[in-house]
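**Q** Just passing along the structure, written as structure tokens.
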Amino acid sequence: MRLDRFLSNLPRFSRKHVRLALLAGRVRVDGETIKDPLHDVREFSQITLDDETLQAGKPAHYFMLHKPPGCVSATTDPQHPTVLDLLDEPAKHELHIAGRLDFNTSGLMLITNDGQWSRRLTQPATKLPKVYYVETEQEIGEHYLEKFAEGFYFAFENLTTLPAQLTLIGSHQARLSIVEGRYHQVKRMFGFFDNKVLRLHRESMGPLLLDPALELGQYRALTPAEIQLF
Ligand code: URA
């Protein structure tokens, strides 16, 4: 939200009052004097007028988790452990998942309390490539490559999937890069060939790779440089 809007939403500030306070350098955001009325402020920003706190702000959190198979990509589940159960964080009820994975899929999962950041990553227009390692029941033929590049018609959604890049790495193993995140997308793509996916593991999301130091079920905070990638 724009700083001037934030300030003029407060009951005791008129637009004129806001303009003058900004010009006089009385408003600080995260400790820095801000005069620009268009400056972007969030729920994470600490905002003060002179010595008075107008918004305390709160820390933004960004984690990468090595999701193990056998847990649900949800914040609560009546039956199964969830990915949030793996996190030992005080404010974890405020966190959400940026890009779900199926129950038995493993790999890179991003978890945050920053909705703007996660929306940038997951909104379809971003077309963020997600790379999966796949193992299948049947052999993966050379003829698959063209079909993955061409797209699969998904009747339920009435759409054709965007071009995906399949690289064979063994008779039953492949690496797949897709820019969408449709329901069970990878399994349905291989399902076209009646080939069951036995193992699915997400290796990367855009430029962010799963940290090889993370064992199954472990997580760590993203570095400032990693947060800036999106
Ligand atoms: N495609 C799937 O089928 N499952 C996942 O977990 C991710 C992509």
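Labels used: A, B, ... for chains in the order of the structure tokens, numbers from 1 for residues in each chain, and numbers from 1 for ligands as shown.
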Excluding segment 103-105 of chain A and any residue of its chain fewer than 4 positions from it, enumerate the residues within 12 Å of it, using only C-alpha atoms, and give them as an NGL selection string.
**A** :A and (66-74 or 77 or 80-83 or 109 or 132-135 or 184 or 186-187 or 197-203 or 216)
**Q** Would you return as a JSON list (two decimals) with C-alpha atoms, in the first residue's frame the members of segment 171-219 of chain A that DSSP assigns to strand (DSSP E) on this structure's backbone?
**A**
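Contents of the output file result.json:
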```json
[["chain", "number", "residue", "atom", "x", "y", "z"],
["A", 173, "GLN", "CA", 13.86, -41.81, -15.28],
["A", 174, "ALA", "CA", 13.44, -38.32, -16.61],
["A", 175, "ARG", "CA", 13.73, -34.70, -15.66],
["A", 176, "LEU", "CA", 10.72, -32.53, -16.46],
["A", 177, "SER", "CA", 10.38, -28.77, -16.51],
["A", 178, "ILE", "CA", 6.85, -27.33, -16.42],
["A", 197, "VAL", "CA", 4.70, -42.15, -11.78],
["A", 198, "LEU", "CA", 6.40, -44.06, -8.97],
["A", 199, "ARG", "CA", 8.61, -41.28, -7.67],
["A", 200, "LEU", "CA", 8.32, -37.54, -8.03],
["A", 201, "HIS", "CA", 10.73, -35.03, -6.58],
["A", 202, "ARG", "CA", 10.83, -31.25, -7.12],
["A", 203, "GLU", "CA", 14.41, -30.08, -7.59],
["A", 204, "SER", "CA", 13.91, -26.39, -8.26],
["A", 205, "MET", "CA", 11.46, -23.52, -8.64],
["A", 208, "LEU", "CA", 15.99, -21.52, -6.60],
["A", 209, "LEU", "CA", 17.40, -25.02, -6.10],
["A", 219, "TYR", "CA", 14.27, -26.80, 6.43]]
```
**Q** Give me the residues near Trp117 of chain A as a PyMOL selection string, where near means some atom within 9 Å (using only C-alpha atoms) and where sequence neighbours in that chain fewer than 3 positions away do not count.
**A** chain A and resi 98+112-114+120-122+227+230
**Q** Which one is closest to Lys58 of chain A: A:Ala221, A:Ile111, A:Ala21, A:Ala91? Count only C-alpha atoms.
**A** A:Ala91
**Q** Just the number, please: distance in Å from atom CA of Gly57 of chain A to atom CA of Val41 of chain A, one decimal.
**A** 9.8 Å
**Q** I'd like to know which of A:Gln79, A:Gln185, A:Gln123, A:Thr33 is closest to ligand 1, using only C-alpha atoms and all ligand atoms.
**A**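 Using only C-alpha atoms and all ligand atoms, ligand 1 sits closest to A:Gln185.
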**Q** Out of A:Gly115, A:Gly170, A:Gly107, A:Gly141, which residue has the shortest atom-to-atom distance to ligand 1 when counting only C-alpha atoms and all ligand atoms?
**A** A:Gly107
**Q** Which residue, A:Ser106, A:Thr161, A:Thr76, A:Ser45, has the smallest gap to ligand 1 when you use only C-alpha atoms and all ligand atoms?
**A** A:Ser106
**Q** Compare A:Arg188, A:Arg42, A:Arg26, A:Lys127 by their minimum atom-to-atom distance to Gly151 of chain A, counting only C-alpha atoms, and give me the closest one.
**A**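 Among the listed residues, A:Arg188 lies closest to Gly151 of chain A.
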**Q** Rank A:Arg28, A:Leu159, A:Asp85, A:Leu54 by their smallest atom-to-atom distance to Asn9 of chain A, using only C-alpha atoms, and report the top residue only.
**A** A:Leu54
**Q** Would you list the contacts of Ala56 of chain A as a list of chain:residue names, taking every protein, DNA or RNA residue within 10 Å and counting only C-alpha atoms, but skipping same-chain residues closer than 3 positions in sequence?
**A**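 My reading of the contact set: A:Asp30, A:Glu43, A:Phe44, A:Ser45, A:Gln46, A:Ile47, A:Thr48, A:Thr53.
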**Q** Write out, as a PDB file, in the first residue's frame, the residues just selected, with C-alpha atoms.
**A**
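Saved to result_26.pdb:
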```
ATOM      1  CA  ASP A  30      11.752   0.792   9.227  1.00  0.00           C
ATOM      2  CA  GLU A  43       2.095  -5.272   7.205  1.00  0.00           C
ATOM      3  CA  PHE A  44       5.800  -6.015   7.819  1.00  0.00           C
ATOM      4  CA  SER A  45       6.791  -2.321   7.856  1.00  0.00           C
ATOM      5  CA  GLN A  46       7.379  -0.435  11.080  1.00  0.00           C
ATOM      6  CA  ILE A  47       5.898   3.044  10.657  1.00  0.00           C
ATOM      7  CA  THR A  48       6.431   5.947  13.039  1.00  0.00           C
ATOM      8  CA  THR A  53       4.509   4.086  16.528  1.00  0.00           C
TER       9      THR A  53
END
```
**Q** Which residues come within 9 Å of Pro124 of chain A, counting only C-alpha atoms, excluding same-chain residues fewer than 5 positions away, as a PDB file with all heavy atoms, in the first residue's frame?
**A**
```pdb
ATOM      1  N   VAL A 179       5.873 -25.118 -16.516  1.00  0.00           N
ATOM      2  CA  VAL A 179       5.673 -23.746 -16.032  1.00  0.00           C
ATOM      3  C   VAL A 179       4.303 -23.550 -15.377  1.00  0.00           C
ATOM      4  O   VAL A 179       3.991 -22.457 -14.918  1.00  0.00           O
ATOM      5  CB  VAL A 179       5.861 -22.695 -17.157  1.00  0.00           C
ATOM      6  CG1 VAL A 179       7.298 -22.676 -17.645  1.00  0.00           C
ATOM      7  CG2 VAL A 179       4.901 -22.945 -18.307  1.00  0.00           C
ATOM      8  N   GLU A 180       3.505 -24.637 -15.344  1.00  0.00           N
ATOM      9  CA  GLU A 180       2.199 -24.529 -14.693  1.00  0.00           C
ATOM     10  C   GLU A 180       2.206 -25.368 -13.425  1.00  0.00           C
ATOM     11  O   GLU A 180       3.187 -26.029 -13.124  1.00  0.00           O
ATOM     12  CB  GLU A 180       1.088 -25.064 -15.609  1.00  0.00           C
ATOM     13  CG  GLU A 180       0.963 -24.304 -16.888  1.00  0.00           C
ATOM     14  CD  GLU A 180       0.412 -25.203 -17.973  1.00  0.00           C
ATOM     15  OE1 GLU A 180       1.162 -26.050 -18.467  1.00  0.00           O
ATOM     16  OE2 GLU A 180      -0.757 -25.051 -18.305  1.00  0.00           O
ATOM     17  N   GLY A 181       1.079 -25.370 -12.741  1.00  0.00           N
ATOM     18  CA  GLY A 181       0.958 -26.216 -11.553  1.00  0.00           C
ATOM     19  C   GLY A 181      -0.453 -26.734 -11.439  1.00  0.00           C
ATOM     20  O   GLY A 181      -1.134 -26.488 -10.451  1.00  0.00           O
TER      21      GLY A 181
END
```
